[in-house]
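Have a look at the structure below, then the notes.
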Amino acid sequence: MARKYVVLFIVITLCLFSLMSAFMGERGFFANKELERQLKANEYRLDRDRVELENLKIQEEELSTEDGIRSAAMNLGYKVDGDDVYRFETQDAVPSREKVLEQTVSSDAAKPFTPWSPAACLGLAAGASLVATLLVWIIGRKGKDSDDSEQDEPGNFGNNFNFD
């Protein structure tokens, strides 16, 4: 009898451990989803850096000519003698798309999924299977006790058959 409960405990523990590892473990479903999210964020940053690098190369080529230097100086607020400068104050009422994407990426990076270690999965599986095995044992004992109480009635020895 005790072997049945030990086997039940081991089977339940192995099933729960494999389920927990498949979903919450280091190579589980949620850990893979987190890695995919990080990969997409890294690809976005890499693409953004490539575009920025291309823009810097273009600016470098433009600054190699005198017209390019003059244009860059005017963009920075320098003026040539005899030019009139008009300044307009502007406010960024709408945040740029890049700022919004950076905030989204950084807010997602603040709360990454931490996979459970195999020891944690095994401990939780063993605890849950212990509870399940104890419940089966208790239910089995109650059923056995009620069957024993019917057999303990006086005059009922197990060979008293009435075929009426």
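As shown in the structure tokens, the chain order sets the letters A, B, ...; within each chain, residues go from 1, and ligands are also counted from 1 in the order they appear.
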
message: Quick one: residues within 12 Å of Asp84 in chain A, only C-alpha atoms, excluding same-chain residues fewer than 6 positions away - as an MDAnalysis selection string?
response: chainID A and resid 74 77:78

Writing out the chosen residues with N, CA and C atoms as a compact mmCIF listing (two decimals), in the first residue's frame:
```
# COMPACT_ATOMS: atom_id res chain seq x y z
N MET A 74 25.30 77.97 -40.22
CA MET A 74 24.02 78.67 -40.17
C MET A 74 22.99 77.88 -39.36
N GLY A 77 23.40 78.56 -35.79
CA GLY A 77 23.09 79.89 -35.31
C GLY A 77 24.13 80.93 -35.65
N TYR A 78 25.19 80.55 -36.35
CA TYR A 78 26.18 81.54 -36.77
C TYR A 78 25.64 82.29 -37.98
```

Can you check which parts of range 36-92 of chain A lie within 12 Å of range 110-119 of chain A? Per residue, the shortest pair of atoms and distance in Å to one decimal, counting only C-alpha atoms, sorted by chain and number, as CSV.
```
residue,atom,partner,partner_atom,distance
A:Glu36,CA,A:Pro112,CA,11.5
A:Arg37,CA,A:Pro112,CA,9.4
A:Gln38,CA,A:Pro112,CA,9.0
```

Taking the DSSP assignment computed from this structure's backbone, write out as a PDB file with N, CA and C atoms, in the first residue's frame all residues of range 9-148 of chain A that belong to helix (DSSP H, G or I).
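Below is the file that was written, part-v2.pdb:
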```pdb
ATOM      1  N   PHE A   9       3.447   9.779  -5.590  1.00  0.00           N
ATOM      2  CA  PHE A   9       4.210  10.996  -5.277  1.00  0.00           C
ATOM      3  C   PHE A   9       5.263  11.268  -6.350  1.00  0.00           C
ATOM      4  N   ILE A  10       6.008  10.237  -6.738  1.00  0.00           N
ATOM      5  CA  ILE A  10       7.071  10.407  -7.731  1.00  0.00           C
ATOM      6  C   ILE A  10       6.496  10.789  -9.090  1.00  0.00           C
ATOM      7  N   VAL A  11       5.410  10.143  -9.503  1.00  0.00           N
ATOM      8  CA  VAL A  11       4.807  10.439 -10.809  1.00  0.00           C
ATOM      9  C   VAL A  11       4.279  11.878 -10.843  1.00  0.00           C
ATOM     10  N   ILE A  12       3.574  12.275  -9.795  1.00  0.00           N
ATOM     11  CA  ILE A  12       3.034  13.640  -9.748  1.00  0.00           C
ATOM     12  C   ILE A  12       4.168  14.663  -9.719  1.00  0.00           C
ATOM     13  N   THR A  13       5.220  14.369  -8.946  1.00  0.00           N
ATOM     14  CA  THR A  13       6.363  15.281  -8.878  1.00  0.00           C
ATOM     15  C   THR A  13       7.018  15.447 -10.249  1.00  0.00           C
ATOM     16  N   LEU A  14       7.242  14.345 -10.953  1.00  0.00           N
ATOM     17  CA  LEU A  14       7.871  14.428 -12.270  1.00  0.00           C
ATOM     18  C   LEU A  14       6.989  15.180 -13.270  1.00  0.00           C
ATOM     19  N   CYS A  15       5.687  14.921 -13.236  1.00  0.00           N
ATOM     20  CA  CYS A  15       4.782  15.625 -14.158  1.00  0.00           C
ATOM     21  C   CYS A  15       4.766  17.127 -13.868  1.00  0.00           C
ATOM     22  N   LEU A  16       4.629  17.501 -12.611  1.00  0.00           N
ATOM     23  CA  LEU A  16       4.604  18.921 -12.263  1.00  0.00           C
ATOM     24  C   LEU A  16       5.945  19.603 -12.543  1.00  0.00           C
ATOM     25  N   PHE A  17       7.033  18.893 -12.277  1.00  0.00           N
ATOM     26  CA  PHE A  17       8.352  19.468 -12.549  1.00  0.00           C
ATOM     27  C   PHE A  17       8.535  19.734 -14.038  1.00  0.00           C
ATOM     28  N   SER A  18       8.115  18.767 -14.869  1.00  0.00           N
ATOM     29  CA  SER A  18       8.281  18.980 -16.313  1.00  0.00           C
ATOM     30  C   SER A  18       7.388  20.114 -16.802  1.00  0.00           C
ATOM     31  N   LEU A  19       6.179  20.240 -16.268  1.00  0.00           N
ATOM     32  CA  LEU A  19       5.300  21.349 -16.651  1.00  0.00           C
ATOM     33  C   LEU A  19       5.868  22.693 -16.203  1.00  0.00           C
ATOM     34  N   MET A  20       6.327  22.760 -14.971  1.00  0.00           N
ATOM     35  CA  MET A  20       6.889  24.017 -14.472  1.00  0.00           C
ATOM     36  C   MET A  20       8.155  24.404 -15.241  1.00  0.00           C
ATOM     37  N   SER A  21       8.986  23.432 -15.551  1.00  0.00           N
ATOM     38  CA  SER A  21      10.204  23.726 -16.305  1.00  0.00           C
ATOM     39  C   SER A  21       9.864  24.179 -17.717  1.00  0.00           C
ATOM     40  N   ALA A  22       8.817  23.580 -18.306  1.00  0.00           N
ATOM     41  CA  ALA A  22       8.439  23.934 -19.676  1.00  0.00           C
ATOM     42  C   ALA A  22       7.904  25.357 -19.766  1.00  0.00           C
ATOM     43  N   PHE A  23       7.275  25.841 -18.717  1.00  0.00           N
ATOM     44  CA  PHE A  23       6.702  27.184 -18.767  1.00  0.00           C
ATOM     45  C   PHE A  23       7.549  28.217 -18.024  1.00  0.00           C
ATOM     46  N   MET A  24       8.034  27.898 -16.838  1.00  0.00           N
ATOM     47  CA  MET A  24       8.685  28.894 -15.995  1.00  0.00           C
ATOM     48  C   MET A  24      10.192  28.684 -15.866  1.00  0.00           C
ATOM     49  N   PHE A  29       8.858  28.535 -21.799  1.00  0.00           N
ATOM     50  CA  PHE A  29       8.071  29.385 -22.683  1.00  0.00           C
ATOM     51  C   PHE A  29       8.242  30.865 -22.354  1.00  0.00           C
ATOM     52  N   PHE A  30       8.089  31.232 -21.096  1.00  0.00           N
ATOM     53  CA  PHE A  30       8.157  32.642 -20.711  1.00  0.00           C
ATOM     54  C   PHE A  30       9.577  33.202 -20.828  1.00  0.00           C
ATOM     55  N   ALA A  31      10.566  32.380 -20.542  1.00  0.00           N
ATOM     56  CA  ALA A  31      11.957  32.830 -20.712  1.00  0.00           C
ATOM     57  C   ALA A  31      12.255  33.067 -22.188  1.00  0.00           C
ATOM     58  N   ASN A  32      11.731  32.205 -23.059  1.00  0.00           N
ATOM     59  CA  ASN A  32      11.937  32.403 -24.497  1.00  0.00           C
ATOM     60  C   ASN A  32      11.227  33.653 -24.998  1.00  0.00           C
ATOM     61  N   LYS A  33      10.044  33.930 -24.484  1.00  0.00           N
ATOM     62  CA  LYS A  33       9.335  35.153 -24.866  1.00  0.00           C
ATOM     63  C   LYS A  33      10.128  36.391 -24.434  1.00  0.00           C
ATOM     64  N   GLU A  34      10.718  36.347 -23.266  1.00  0.00           N
ATOM     65  CA  GLU A  34      11.536  37.464 -22.775  1.00  0.00           C
ATOM     66  C   GLU A  34      12.764  37.646 -23.663  1.00  0.00           C
ATOM     67  N   LEU A  35      13.385  36.552 -24.072  1.00  0.00           N
ATOM     68  CA  LEU A  35      14.548  36.643 -24.949  1.00  0.00           C
ATOM     69  C   LEU A  35      14.160  37.197 -26.320  1.00  0.00           C
ATOM     70  N   GLU A  36      12.987  36.808 -26.822  1.00  0.00           N
ATOM     71  CA  GLU A  36      12.511  37.360 -28.095  1.00  0.00           C
ATOM     72  C   GLU A  36      12.290  38.874 -27.981  1.00  0.00           C
ATOM     73  N   ARG A  37      11.714  39.308 -26.868  1.00  0.00           N
ATOM     74  CA  ARG A  37      11.476  40.730 -26.663  1.00  0.00           C
ATOM     75  C   ARG A  37      12.799  41.489 -26.607  1.00  0.00           C
ATOM     76  N   GLN A  38      13.780  40.935 -25.902  1.00  0.00           N
ATOM     77  CA  GLN A  38      15.088  41.572 -25.824  1.00  0.00           C
ATOM     78  C   GLN A  38      15.769  41.603 -27.188  1.00  0.00           C
ATOM     79  N   LEU A  39      15.589  40.538 -27.975  1.00  0.00           N
ATOM     80  CA  LEU A  39      16.185  40.495 -29.307  1.00  0.00           C
ATOM     81  C   LEU A  39      15.588  41.578 -30.205  1.00  0.00           C
ATOM     82  N   LYS A  40      14.266  41.745 -30.146  1.00  0.00           N
ATOM     83  CA  LYS A  40      13.620  42.789 -30.944  1.00  0.00           C
ATOM     84  C   LYS A  40      14.096  44.179 -30.520  1.00  0.00           C
ATOM     85  N   ALA A  41      14.237  44.397 -29.223  1.00  0.00           N
ATOM     86  CA  ALA A  41      14.717  45.690 -28.738  1.00  0.00           C
ATOM     87  C   ALA A  41      16.156  45.939 -29.201  1.00  0.00           C
ATOM     88  N   ASN A  42      16.987  44.905 -29.149  1.00  0.00           N
ATOM     89  CA  ASN A  42      18.374  45.057 -29.602  1.00  0.00           C
ATOM     90  C   ASN A  42      18.453  45.292 -31.107  1.00  0.00           C
ATOM     91  N   GLU A  43      17.593  44.606 -31.877  1.00  0.00           N
ATOM     92  CA  GLU A  43      17.565  44.833 -33.320  1.00  0.00           C
ATOM     93  C   GLU A  43      17.132  46.267 -33.631  1.00  0.00           C
ATOM     94  N   TYR A  44      16.156  46.767 -32.885  1.00  0.00           N
ATOM     95  CA  TYR A  44      15.715  48.150 -33.087  1.00  0.00           C
ATOM     96  C   TYR A  44      16.858  49.118 -32.809  1.00  0.00           C
ATOM     97  N   ARG A  45      17.560  48.915 -31.690  1.00  0.00           N
ATOM     98  CA  ARG A  45      18.680  49.801 -31.356  1.00  0.00           C
ATOM     99  C   ARG A  45      19.783  49.722 -32.413  1.00  0.00           C
ATOM    100  N   LEU A  46      20.049  48.499 -32.902  1.00  0.00           N
ATOM    101  CA  LEU A  46      21.077  48.327 -33.924  1.00  0.00           C
ATOM    102  C   LEU A  46      20.687  49.054 -35.214  1.00  0.00           C
ATOM    103  N   ASP A  47      19.432  48.937 -35.629  1.00  0.00           N
ATOM    104  CA  ASP A  47      18.971  49.644 -36.827  1.00  0.00           C
ATOM    105  C   ASP A  47      19.063  51.155 -36.639  1.00  0.00           C
ATOM    106  N   ARG A  48      18.678  51.627 -35.466  1.00  0.00           N
ATOM    107  CA  ARG A  48      18.749  53.052 -35.178  1.00  0.00           C
ATOM    108  C   ARG A  48      20.201  53.549 -35.227  1.00  0.00           C
ATOM    109  N   ASP A  49      21.118  52.748 -34.678  1.00  0.00           N
ATOM    110  CA  ASP A  49      22.534  53.133 -34.697  1.00  0.00           C
ATOM    111  C   ASP A  49      23.100  53.120 -36.118  1.00  0.00           C
ATOM    112  N   ARG A  50      22.653  52.168 -36.941  1.00  0.00           N
ATOM    113  CA  ARG A  50      23.112  52.138 -38.339  1.00  0.00           C
ATOM    114  C   ARG A  50      22.661  53.374 -39.099  1.00  0.00           C
ATOM    115  N   VAL A  51      21.396  53.768 -38.900  1.00  0.00           N
ATOM    116  CA  VAL A  51      20.886  54.968 -39.565  1.00  0.00           C
ATOM    117  C   VAL A  51      21.653  56.193 -39.091  1.00  0.00           C
ATOM    118  N   GLU A  52      21.920  56.266 -37.797  1.00  0.00           N
ATOM    119  CA  GLU A  52      22.677  57.399 -37.255  1.00  0.00           C
ATOM    120  C   GLU A  52      24.093  57.434 -37.829  1.00  0.00           C
ATOM    121  N   LEU A  53      24.701  56.270 -37.975  1.00  0.00           N
ATOM    122  CA  LEU A  53      26.047  56.194 -38.551  1.00  0.00           C
ATOM    123  C   LEU A  53      26.034  56.669 -40.006  1.00  0.00           C
ATOM    124  N   GLU A  54      25.025  56.253 -40.769  1.00  0.00           N
ATOM    125  CA  GLU A  54      24.922  56.707 -42.161  1.00  0.00           C
ATOM    126  C   GLU A  54      24.737  58.221 -42.221  1.00  0.00           C
ATOM    127  N   ASN A  55      23.903  58.765 -41.333  1.00  0.00           N
ATOM    128  CA  ASN A  55      23.706  60.221 -41.300  1.00  0.00           C
ATOM    129  C   ASN A  55      24.999  60.956 -40.948  1.00  0.00           C
ATOM    130  N   LEU A  56      25.765  60.410 -40.020  1.00  0.00           N
ATOM    131  CA  LEU A  56      27.034  61.041 -39.651  1.00  0.00           C
ATOM    132  C   LEU A  56      28.039  60.993 -40.803  1.00  0.00           C
ATOM    133  N   LYS A  57      28.028  59.904 -41.573  1.00  0.00           N
ATOM    134  CA  LYS A  57      28.922  59.825 -42.733  1.00  0.00           C
ATOM    135  C   LYS A  57      28.534  60.865 -43.775  1.00  0.00           C
ATOM    136  N   ILE A  58      27.227  61.042 -43.972  1.00  0.00           N
ATOM    137  CA  ILE A  58      26.751  62.055 -44.921  1.00  0.00           C
ATOM    138  C   ILE A  58      27.147  63.447 -44.450  1.00  0.00           C
ATOM    139  N   GLN A  59      26.980  63.717 -43.150  1.00  0.00           N
ATOM    140  CA  GLN A  59      27.377  65.019 -42.606  1.00  0.00           C
ATOM    141  C   GLN A  59      28.881  65.244 -42.756  1.00  0.00           C
ATOM    142  N   GLU A  60      29.646  64.191 -42.542  1.00  0.00           N
ATOM    143  CA  GLU A  60      31.096  64.318 -42.682  1.00  0.00           C
ATOM    144  C   GLU A  60      31.471  64.693 -44.117  1.00  0.00           C
ATOM    145  N   GLU A  61      30.808  64.048 -45.077  1.00  0.00           N
ATOM    146  CA  GLU A  61      31.078  64.371 -46.479  1.00  0.00           C
ATOM    147  C   GLU A  61      30.668  65.812 -46.804  1.00  0.00           C
ATOM    148  N   GLU A  62      29.538  66.254 -46.241  1.00  0.00           N
ATOM    149  CA  GLU A  62      29.067  67.622 -46.481  1.00  0.00           C
ATOM    150  C   GLU A  62      30.013  68.649 -45.868  1.00  0.00           C
ATOM    151  N   GLU A  66      33.304  73.754 -48.526  1.00  0.00           N
ATOM    152  CA  GLU A  66      33.092  75.061 -47.893  1.00  0.00           C
ATOM    153  C   GLU A  66      31.604  75.383 -47.761  1.00  0.00           C
ATOM    154  N   ASP A  67      30.802  75.027 -48.759  1.00  0.00           N
ATOM    155  CA  ASP A  67      29.358  75.269 -48.677  1.00  0.00           C
ATOM    156  C   ASP A  67      28.728  74.471 -47.538  1.00  0.00           C
ATOM    157  N   GLY A  68      29.209  73.277 -47.343  1.00  0.00           N
ATOM    158  CA  GLY A  68      28.699  72.450 -46.257  1.00  0.00           C
ATOM    159  C   GLY A  68      29.019  73.033 -44.897  1.00  0.00           C
ATOM    160  N   ILE A  69      30.224  73.544 -44.750  1.00  0.00           N
ATOM    161  CA  ILE A  69      30.624  74.171 -43.483  1.00  0.00           C
ATOM    162  C   ILE A  69      29.774  75.402 -43.226  1.00  0.00           C
ATOM    163  N   ARG A  70      29.555  76.212 -44.254  1.00  0.00           N
ATOM    164  CA  ARG A  70      28.743  77.413 -44.111  1.00  0.00           C
ATOM    165  C   ARG A  70      27.292  77.043 -43.739  1.00  0.00           C
ATOM    166  N   SER A  71      26.748  76.018 -44.372  1.00  0.00           N
ATOM    167  CA  SER A  71      25.378  75.585 -44.079  1.00  0.00           C
ATOM    168  C   SER A  71      25.267  75.072 -42.641  1.00  0.00           C
ATOM    169  N   ALA A  72      26.246  74.297 -42.192  1.00  0.00           N
ATOM    170  CA  ALA A  72      26.236  73.779 -40.822  1.00  0.00           C
ATOM    171  C   ALA A  72      26.354  74.907 -39.816  1.00  0.00           C
ATOM    172  N   ALA A  73      27.170  75.906 -40.134  1.00  0.00           N
ATOM    173  CA  ALA A  73      27.327  77.047 -39.227  1.00  0.00           C
ATOM    174  C   ALA A  73      26.011  77.807 -39.108  1.00  0.00           C
ATOM    175  N   MET A  74      25.304  77.974 -40.224  1.00  0.00           N
ATOM    176  CA  MET A  74      24.015  78.673 -40.167  1.00  0.00           C
ATOM    177  C   MET A  74      22.987  77.878 -39.363  1.00  0.00           C
ATOM    178  N   ASN A  75      23.018  76.563 -39.485  1.00  0.00           N
ATOM    179  CA  ASN A  75      22.100  75.721 -38.702  1.00  0.00           C
ATOM    180  C   ASN A  75      22.388  75.826 -37.207  1.00  0.00           C
ATOM    181  N   ARG A  97       8.676  60.636 -32.244  1.00  0.00           N
ATOM    182  CA  ARG A  97       8.433  59.192 -32.277  1.00  0.00           C
ATOM    183  C   ARG A  97       9.597  58.437 -31.647  1.00  0.00           C
ATOM    184  N   GLU A  98      10.799  58.904 -31.881  1.00  0.00           N
ATOM    185  CA  GLU A  98      11.975  58.233 -31.335  1.00  0.00           C
ATOM    186  C   GLU A  98      11.973  58.272 -29.807  1.00  0.00           C
ATOM    187  N   LYS A  99      11.565  59.407 -29.226  1.00  0.00           N
ATOM    188  CA  LYS A  99      11.509  59.501 -27.760  1.00  0.00           C
ATOM    189  C   LYS A  99      10.472  58.539 -27.201  1.00  0.00           C
ATOM    190  N   VAL A 100       9.318  58.442 -27.872  1.00  0.00           N
ATOM    191  CA  VAL A 100       8.263  57.532 -27.411  1.00  0.00           C
ATOM    192  C   VAL A 100       8.746  56.093 -27.479  1.00  0.00           C
ATOM    193  N   LEU A 101       9.420  55.714 -28.579  1.00  0.00           N
ATOM    194  CA  LEU A 101       9.925  54.350 -28.711  1.00  0.00           C
ATOM    195  C   LEU A 101      11.003  54.051 -27.688  1.00  0.00           C
ATOM    196  N   GLU A 102      11.867  55.018 -27.408  1.00  0.00           N
ATOM    197  CA  GLU A 102      12.897  54.814 -26.382  1.00  0.00           C
ATOM    198  C   GLU A 102      12.268  54.603 -25.019  1.00  0.00           C
ATOM    199  N   GLN A 103      11.222  55.383 -24.711  1.00  0.00           N
ATOM    200  CA  GLN A 103      10.552  55.226 -23.420  1.00  0.00           C
ATOM    201  C   GLN A 103       9.880  53.866 -23.342  1.00  0.00           C
ATOM    202  N   THR A 104       9.283  53.409 -24.437  1.00  0.00           N
ATOM    203  CA  THR A 104       8.636  52.104 -24.448  1.00  0.00           C
ATOM    204  C   THR A 104       9.645  51.000 -24.236  1.00  0.00           C
ATOM    205  N   VAL A 105      10.763  51.064 -24.945  1.00  0.00           N
ATOM    206  CA  VAL A 105      11.799  50.048 -24.818  1.00  0.00           C
ATOM    207  C   VAL A 105      12.385  50.059 -23.414  1.00  0.00           C
ATOM    208  N   SER A 106      12.638  51.247 -22.863  1.00  0.00           N
ATOM    209  CA  SER A 106      13.237  51.309 -21.531  1.00  0.00           C
ATOM    210  C   SER A 106      12.255  50.880 -20.452  1.00  0.00           C
ATOM    211  N   SER A 107      10.955  51.156 -20.625  1.00  0.00           N
ATOM    212  CA  SER A 107       9.994  50.729 -19.607  1.00  0.00           C
ATOM    213  C   SER A 107       9.808  49.220 -19.633  1.00  0.00           C
ATOM    214  N   ASP A 108       9.885  48.601 -20.832  1.00  0.00           N
ATOM    215  CA  ASP A 108       9.807  47.147 -20.905  1.00  0.00           C
ATOM    216  C   ASP A 108      11.045  46.505 -20.313  1.00  0.00           C
ATOM    217  N   ALA A 109      12.192  47.130 -20.473  1.00  0.00           N
ATOM    218  CA  ALA A 109      13.438  46.565 -19.966  1.00  0.00           C
ATOM    219  C   ALA A 109      13.498  46.630 -18.444  1.00  0.00           C
ATOM    220  N   PRO A 118      15.981  25.197 -11.747  1.00  0.00           N
ATOM    221  CA  PRO A 118      15.462  23.824 -11.661  1.00  0.00           C
ATOM    222  C   PRO A 118      15.183  23.400 -10.218  1.00  0.00           C
ATOM    223  N   ALA A 119      15.983  23.880  -9.280  1.00  0.00           N
ATOM    224  CA  ALA A 119      15.756  23.523  -7.875  1.00  0.00           C
ATOM    225  C   ALA A 119      14.434  24.101  -7.378  1.00  0.00           C
ATOM    226  N   ALA A 120      14.113  25.336  -7.775  1.00  0.00           N
ATOM    227  CA  ALA A 120      12.840  25.944  -7.370  1.00  0.00           C
ATOM    228  C   ALA A 120      11.671  25.190  -7.990  1.00  0.00           C
ATOM    229  N   CYS A 121      11.793  24.832  -9.263  1.00  0.00           N
ATOM    230  CA  CYS A 121      10.723  24.065  -9.923  1.00  0.00           C
ATOM    231  C   CYS A 121      10.526  22.718  -9.242  1.00  0.00           C
ATOM    232  N   LEU A 122      11.639  22.051  -8.935  1.00  0.00           N
ATOM    233  CA  LEU A 122      11.535  20.745  -8.286  1.00  0.00           C
ATOM    234  C   LEU A 122      10.949  20.878  -6.884  1.00  0.00           C
ATOM    235  N   GLY A 123      11.357  21.894  -6.143  1.00  0.00           N
ATOM    236  CA  GLY A 123      10.813  22.084  -4.792  1.00  0.00           C
ATOM    237  C   GLY A 123       9.325  22.359  -4.800  1.00  0.00           C
ATOM    238  N   LEU A 124       8.893  23.234  -5.698  1.00  0.00           N
ATOM    239  CA  LEU A 124       7.457  23.511  -5.793  1.00  0.00           C
ATOM    240  C   LEU A 124       6.682  22.290  -6.268  1.00  0.00           C
ATOM    241  N   ALA A 125       7.245  21.543  -7.217  1.00  0.00           N
ATOM    242  CA  ALA A 125       6.572  20.334  -7.704  1.00  0.00           C
ATOM    243  C   ALA A 125       6.480  19.286  -6.594  1.00  0.00           C
ATOM    244  N   ALA A 126       7.546  19.133  -5.823  1.00  0.00           N
ATOM    245  CA  ALA A 126       7.526  18.166  -4.720  1.00  0.00           C
ATOM    246  C   ALA A 126       6.516  18.578  -3.654  1.00  0.00           C
ATOM    247  N   GLY A 127       6.458  19.863  -3.339  1.00  0.00           N
ATOM    248  CA  GLY A 127       5.481  20.328  -2.345  1.00  0.00           C
ATOM    249  C   GLY A 127       4.050  20.123  -2.804  1.00  0.00           C
ATOM    250  N   ALA A 128       3.770  20.453  -4.054  1.00  0.00           N
ATOM    251  CA  ALA A 128       2.417  20.275  -4.582  1.00  0.00           C
ATOM    252  C   ALA A 128       2.055  18.797  -4.672  1.00  0.00           C
ATOM    253  N   SER A 129       3.008  17.956  -5.078  1.00  0.00           N
ATOM    254  CA  SER A 129       2.704  16.524  -5.167  1.00  0.00           C
ATOM    255  C   SER A 129       2.558  15.900  -3.779  1.00  0.00           C
ATOM    256  N   LEU A 130       3.260  16.419  -2.795  1.00  0.00           N
ATOM    257  CA  LEU A 130       3.088  15.932  -1.424  1.00  0.00           C
ATOM    258  C   LEU A 130       1.673  16.232  -0.940  1.00  0.00           C
ATOM    259  N   VAL A 131       1.213  17.435  -1.208  1.00  0.00           N
ATOM    260  CA  VAL A 131      -0.155  17.801  -0.822  1.00  0.00           C
ATOM    261  C   VAL A 131      -1.163  16.919  -1.543  1.00  0.00           C
ATOM    262  N   ALA A 132      -0.963  16.705  -2.844  1.00  0.00           N
ATOM    263  CA  ALA A 132      -1.888  15.878  -3.618  1.00  0.00           C
ATOM    264  C   ALA A 132      -1.884  14.430  -3.120  1.00  0.00           C
ATOM    265  N   THR A 133      -0.702  13.906  -2.837  1.00  0.00           N
ATOM    266  CA  THR A 133      -0.604  12.528  -2.338  1.00  0.00           C
ATOM    267  C   THR A 133      -1.264  12.390  -0.974  1.00  0.00           C
ATOM    268  N   LEU A 134      -1.068  13.369  -0.106  1.00  0.00           N
ATOM    269  CA  LEU A 134      -1.717  13.328   1.211  1.00  0.00           C
ATOM    270  C   LEU A 134      -3.237  13.392   1.081  1.00  0.00           C
ATOM    271  N   LEU A 135      -3.735  14.200   0.164  1.00  0.00           N
ATOM    272  CA  LEU A 135      -5.185  14.256  -0.056  1.00  0.00           C
ATOM    273  C   LEU A 135      -5.726  12.922  -0.552  1.00  0.00           C
ATOM    274  N   VAL A 136      -5.013  12.275  -1.464  1.00  0.00           N
ATOM    275  CA  VAL A 136      -5.437  10.960  -1.943  1.00  0.00           C
ATOM    276  C   VAL A 136      -5.401   9.957  -0.810  1.00  0.00           C
ATOM    277  N   TRP A 137      -4.380  10.015   0.024  1.00  0.00           N
ATOM    278  CA  TRP A 137      -4.267   9.088   1.149  1.00  0.00           C
ATOM    279  C   TRP A 137      -5.412   9.312   2.140  1.00  0.00           C
ATOM    280  N   ILE A 138      -5.716  10.586   2.454  1.00  0.00           N
ATOM    281  CA  ILE A 138      -6.800  10.896   3.394  1.00  0.00           C
ATOM    282  C   ILE A 138      -8.141  10.445   2.837  1.00  0.00           C
ATOM    283  N   ILE A 139      -8.381  10.719   1.565  1.00  0.00           N
ATOM    284  CA  ILE A 139      -9.649  10.297   0.952  1.00  0.00           C
ATOM    285  C   ILE A 139      -9.733   8.773   0.919  1.00  0.00           C
ATOM    286  N   GLY A 140      -8.618   8.130   0.639  1.00  0.00           N
ATOM    287  CA  GLY A 140      -8.593   6.668   0.637  1.00  0.00           C
ATOM    288  C   GLY A 140      -8.849   6.084   2.015  1.00  0.00           C
ATOM    289  N   ARG A 141      -8.325   6.719   3.048  1.00  0.00           N
ATOM    290  CA  ARG A 141      -8.532   6.242   4.419  1.00  0.00           C
ATOM    291  C   ARG A 141      -9.986   6.403   4.836  1.00  0.00           C
ATOM    292  N   LYS A 142     -10.604   7.525   4.458  1.00  0.00           N
ATOM    293  CA  LYS A 142     -12.012   7.734   4.825  1.00  0.00           C
ATOM    294  C   LYS A 142     -12.898   6.713   4.151  1.00  0.00           C
ATOM    295  N   GLY A 143     -12.626   6.405   2.902  1.00  0.00           N
ATOM    296  CA  GLY A 143     -13.406   5.393   2.184  1.00  0.00           C
ATOM    297  C   GLY A 143     -13.194   4.018   2.782  1.00  0.00           C
ATOM    298  N   LYS A 144     -11.989   3.717   3.192  1.00  0.00           N
ATOM    299  CA  LYS A 144     -11.673   2.428   3.787  1.00  0.00           C
ATOM    300  C   LYS A 144     -12.321   2.307   5.170  1.00  0.00           C
ATOM    301  N   ASP A 145     -12.310   3.400   5.944  1.00  0.00           N
ATOM    302  CA  ASP A 145     -12.921   3.391   7.272  1.00  0.00           C
ATOM    303  C   ASP A 145     -14.421   3.160   7.178  1.00  0.00           C
ATOM    304  N   SER A 146     -15.095   3.727   6.202  1.00  0.00           N
ATOM    305  CA  SER A 146     -16.537   3.530   6.066  1.00  0.00           C
ATOM    306  C   SER A 146     -16.837   2.108   5.616  1.00  0.00           C
ATOM    307  N   ASP A 147     -15.976   1.486   4.785  1.00  0.00           N
ATOM    308  CA  ASP A 147     -16.175   0.094   4.385  1.00  0.00           C
ATOM    309  C   ASP A 147     -15.942  -0.831   5.565  1.00  0.00           C
ATOM    310  N   ASP A 148     -14.964  -0.545   6.417  1.00  0.00           N
ATOM    311  CA  ASP A 148     -14.665  -1.362   7.590  1.00  0.00           C
ATOM    312  C   ASP A 148     -15.794  -1.287   8.603  1.00  0.00           C
TER     313      ASP A 148
END
```
